[in-house]
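Everything below concerns the one structure shown next.
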Amino acid sequence: MTTPESSPTNANPIRILVVDDHPNTAATLARALTQLGASVNVLSATSGHDALEKIKGSGVDILFTDMIMPEMTGLELIEKMQKHPTGKPAYTYLVTAYDVPGLKVTAHRLKVNEVIIKPVRPERICQIAAHAIEEMKHSTRPANKLVAAKKKFKILVADDRPDNVTLLTRYLEYEGYECVIARDGLETLDKIHDELPDLVLLDVDMPHKDGFTVLAEVRADPAVSYIPVIILTAARLDSSDVQSGLNLGADDYVTKPFDRHELMARIRTKLRVKEAEDVIRRRNRELGILPEIGRELSARLNISELVTIVLRRSVETLGAISGHILIMNPGGVPVKKSYSTSDIEMDFPKLDGFLESIQESRQGLIIGDTLKDERWQAGQVNLLHSVVIVPMFGRNTLLGLLVLAHEDENYFAPEHLLLLQAISGQAAIALENARLYADVAKEQQRLSAVLQSAANAILMFDGDDCLKLLNPAGEKLFTDYETKLNMPLARKGGYDKLIDLLEQVNVSNKSKTGEVTWPDGRTFTVLLTPIEGGGCVAVLQDVTHFKDVDRVKNEFIATASHDLKNPLTSIVGYSQMLLQSGPLTDMQTDFVHRIQHAGKNMHELVQNMLSLVQVDLKAAQKYIPVEMSALLATVADEFSLQASAKEQTFDFAILKENAQVNGDSLQLKQLFRNLVGNAIKYTPLGGKIVIKIKVQKENIQVDVQDTGFGIPAADLPFIFDRFYRVREGKNIEMEGNGLGLAIVKSITEQHGGQIIVDSKVDQGTRFSVSLPILAAS
């Protein structure tokens with residue numbers, strides 16, 4: 001590998017590598033460089049990885065690399081090649097379209113010989129390569145162009161007269177300017193494109209193309225149109241010529257002979273203006289980097305990758321020596337990561353001292369000298385003297401801090417802070433998106449695990465009742481039917497009940513439960529829940545086994561209850577005959593009364609159990625139109641004597657209009673007998689019982705209200721459970737078997753109705769039964 005200390009020979013040709021992600025550009029530059037002679041071996045690559053692969057085992061002498069490339073930037077490629085086992089390139093050149101302030105500093109730190117700003121012509125690349133080859137032949141390394149602390153302005157002198165050129169260059173070099181010379185119009189245009197001078201002193205009368213033609217072409221080319229041009233001529237002195245030159249875009253028009261001091265003053269004025277415009281152009285180029293960084297960030301959802309890209313691009317763009325990022329992690333350990341362009345390991349202190357002030361101001365800050373800021377608690381060796389810190393705010397909270405550091409004091413300026421805040425804003429958006437994506441991915445994994453392992457069948461339908469998703473348990477449901485996603489279930493296939501329930505949920509947009517019988521005879525309970533935006537989720541639980549067990553249980557209870565009725569009837573009957581058979585002692589009479597009381601309670605329990613089983617089995621049901629006012633009047637008449645015996649007020653208003661429900665009249669009577677009987681039983685002497693009927697649009701509501709003992713709030717959720725008794729207060733004194741309200745609820749639900757209860761202790765209870773109305777006239 002050739003280095004400045006080992007000159008190339010004819011046996012060892014100079015190897016030049018051109019890297020650009022645009023294949024046409026790389027090939028064009030490679031073809032141009034091959035014209036340097038047979039002693040040059042030119043390679044081309046279209047990416048950093050491609051370049052490293054092509055130099056494996058051999059290395060290169062001269063490297064030209066583009067800055068912006070996918071996967072690996074030009075600076076990263078240079079850094080890798082400097083550590084290449086075959087030796088680092090003797091000359092390295094970085095080509096970029098972005099002349100950002102920190103790029104040259106970072107390039108200088110990596111010992112890049114020159115940063116070449118696009119657009120650049122192949123001829124210019126060939127000139128740079130030829131100069132480097134010449135330097136290598138003399139075993140001397142050229143001075144690094146990035147070392148200069150103060151910018152030296154470059155002025156192009158375009159004049160075909162040698163004495164004029166000599167005079168002007170002497171004046172300009174005396175003022176400290178760098179001079180470039182062109183002697184005709186064509187050469188002037190070439191030098192403007194290759195050298196990109198800071199100012200052009202342009203003669204008018206020149207061979208090949210005159211100054212006005214050159215000026216017109218310069219102003220028409222966006223790549224060089226910004227360069228200030230001063231026309232300097234002794235031939236075109238007429239006012240019309242001056243006007244033409246200024247109209248073509250000349251920044252000034254000076255006629256010969258000129259005053260030296262006046263000309264230098266005019267040049268300094270134009271250079272000051274250009275320097276200010278360069279700052280604006282550089283700022284625009286910096287802002288042009290932001291969309292590029294945004295695209296690079298938006299293409300990644302891994303937080304670690306995002307952090308690395310943000311640090312690397314921030315350090316490279318602003319020319320920092322090191323970067324550090326602190327990501328807040330809610331409920332966990334904060335994520336910390338550093339990136340450095342130096343081989344020296346940088347130690348960043350804790351940033352807790354800055355958090356409070358940054359959260360309050362929501363602005364970044366610059367520390368000109370960390371040695372003078374108490375909040376920067378560095379270790380014994382502090383190589384970071386200038387620091388800029390910017391926050392990364394999400395929608396609601398502080399996501400983290402982005403810190404860049406430099407070894408020089410007061411390196412960072414306000415424009416650095418503004419640019420870094422813009423980068424941190426994009427980073428915050430990308431970071432929040434990555435977190436949201438990670439959260440969604442976790443939720444999807446959990447949901448998938450639930451769906452895969454759920455024993456119940458889960459089906460999801462869209463607003464058009466098309467099947468969108470089903471879990472493995474759902475797939476097993478359809479043994480005789482081929483389910484297809486994005487297609488609705490077909491009617492007349494045994495799934496009509498499920499389809500009806502789906503349509504009802506889509507219309508009402510409310511959750512609904514039901515029971516469906518599958519074509520294979522199995523019974524499923526279905527819970528359908530609407531989805532926001534349309535569609536619903538159906539969960540089907542196989543209850544066939546429970547239905548069979550419940551049926552066997554009910555049949556057993558029905559048989560046992562029926563078989564118990566005869567012995568109980570005999571016990572009650574013979575106890576009554578004992579009282580009539582002859583005189584009994586007081587003790588014997590008491591014993592007989594106890595037998596009768598126990599027999600009555602047993603008979604009531606058996607009768608209730610039999611009624612409940614008959615309701616569950618839907619045995620002997622006869623649904624006919626039932627007029628509710630007449631039915632309630634009959635029930636009220638049956639209990640009027642019991643209410644009078646307890647001196648209770650019994651109010652019942654007969655409804656004038658005819659309101660009917662479709663139901664079993666015997667069961668409906670039992671429903672309201674249980675409610676009214678409970679109201680009388682649990683209301684003390686002198687209380688009040690009220691029965692009200694309300695005809696609504698779709699329902700008939702019957703309220704049975706009392707002023708009794710009331711039910712404690714803790715017991716209300718359980719009062720409809722079978723055999724449940726309230727064991728508190730005065731209710732405990734009342735006898736009962738806990739089946740009355742269970743029968744009420746079963747009959748109500750079997751008739752498609754609902755029952756609700758409202759109760760307060762020592763104030764009373766109101767039961768409200770709603771039944772679907774059949775007709776109202």
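Naming works like this for the structure tokens: A, B, ... for the chains as they're shown, residue 1 at the start of each chain, ligands 1 onward in shown order.
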
### Shell of 10 Å around A:Val120, only C-alpha atoms, local chain residues under 6 positions omitted, as number ranges by chain
A: 95-97, 193-196, 223

Quick one: write out the picked residues with C-alpha atoms as a CSV table (one decimal), in the first residue's frame?
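Result saved to out.csv:
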chain,number,residue,atom,x,y,z
A,95,VAL,CA,-17.5,14.8,-2.1
A,96,THR,CA,-20.7,16.3,-0.7
A,97,ALA,CA,-23.6,18.6,-1.7
A,193,HIS,CA,-16.9,25.5,-12.5
A,194,ASP,CA,-13.7,23.7,-11.3
A,195,GLU,CA,-12.4,26.2,-8.8
A,196,LEU,CA,-15.6,27.8,-7.6
A,223,ALA,CA,-24.4,25.9,-9.8

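Close contacts of stretch 212-216 of chain A, defined as residues with an atom at most 10 Å away when counting only C-alpha atoms, with chain neighbours fewer than 3 positions off set aside, comprise Asp184, Gly185, Leu186, Thr188, Leu189, Val200, Leu202, Asp203, Val204, Asp205, Met206, His208, Lys209, Arg219, Ala220, Asp221, Ser225, Val229, Ile230, Ile231, Asp241, Ser244, Gly245, Leu246, Asn247, Leu248, Gly249 and Ala250 of chain A.
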
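The smallest atom-to-atom distance between A:Ser39 and any of A:Ile16, A:Val157, A:Leu287, A:Ile55, using only C-alpha atoms, is found for A:Ile16.
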
### Query
What's the 10 Å shell around A:Leu237, counting only C-alpha atoms, without same-chain residues fewer than 2 positions away, as a ChimeraX atom specification?
/A:233-235,239-242,253-256

What does the file look like for those residues with N, CA and C atoms, as a tab-separated table (two decimals), in the first residue's frame?
chain	number	residue	atom	x	y	z
A	233	THR	N	-12.83	46.53	-17.54
A	233	THR	CA	-12.56	46.64	-18.98
A	233	THR	C	-12.06	48.03	-19.33
A	234	ALA	N	-11.27	48.08	-20.42
A	234	ALA	CA	-10.81	49.36	-20.98
A	234	ALA	C	-11.43	49.61	-22.34
A	235	ALA	N	-12.20	48.62	-22.86
A	235	ALA	CA	-12.73	48.71	-24.23
A	235	ALA	C	-14.18	49.15	-24.27
A	239	SER	N	-21.90	54.25	-21.85
A	239	SER	CA	-22.92	54.01	-20.81
A	239	SER	C	-23.85	52.87	-21.18
A	240	SER	N	-24.07	52.70	-22.52
A	240	SER	CA	-24.93	51.58	-22.94
A	240	SER	C	-24.25	50.24	-22.64
A	241	ASP	N	-22.91	50.19	-22.78
A	241	ASP	CA	-22.19	48.97	-22.44
A	241	ASP	C	-22.28	48.69	-20.94
A	242	VAL	N	-22.14	49.76	-20.13
A	242	VAL	CA	-22.24	49.59	-18.68
A	242	VAL	C	-23.63	49.06	-18.31
A	253	TYR	N	-19.22	47.39	-12.26
A	253	TYR	CA	-18.65	47.66	-13.59
A	253	TYR	C	-17.56	48.71	-13.39
A	254	VAL	N	-16.29	48.30	-13.57
A	254	VAL	CA	-15.14	49.18	-13.34
A	254	VAL	C	-14.39	49.34	-14.66
A	255	THR	N	-14.09	50.58	-15.01
A	255	THR	CA	-13.37	50.85	-16.26
A	255	THR	C	-11.90	51.13	-15.97
A	256	LYS	N	-11.07	50.76	-16.95
A	256	LYS	CA	-9.64	51.00	-16.85
A	256	LYS	C	-9.32	52.35	-17.52

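Atom to atom, atom CA of A:Asn433 and atom CA of A:Asp21 stand 28.8 Å apart.
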
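Distances from A:Ala45, A:Leu33, A:Ile458, A:Ile571 to A:Lys476 were compared using only C-alpha atoms, and the smallest one belongs to A:Ile458.
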
## Note on the structure
re atom CA of A:Gln596 and atom CA of A:Gly738: distance 20.8 Å
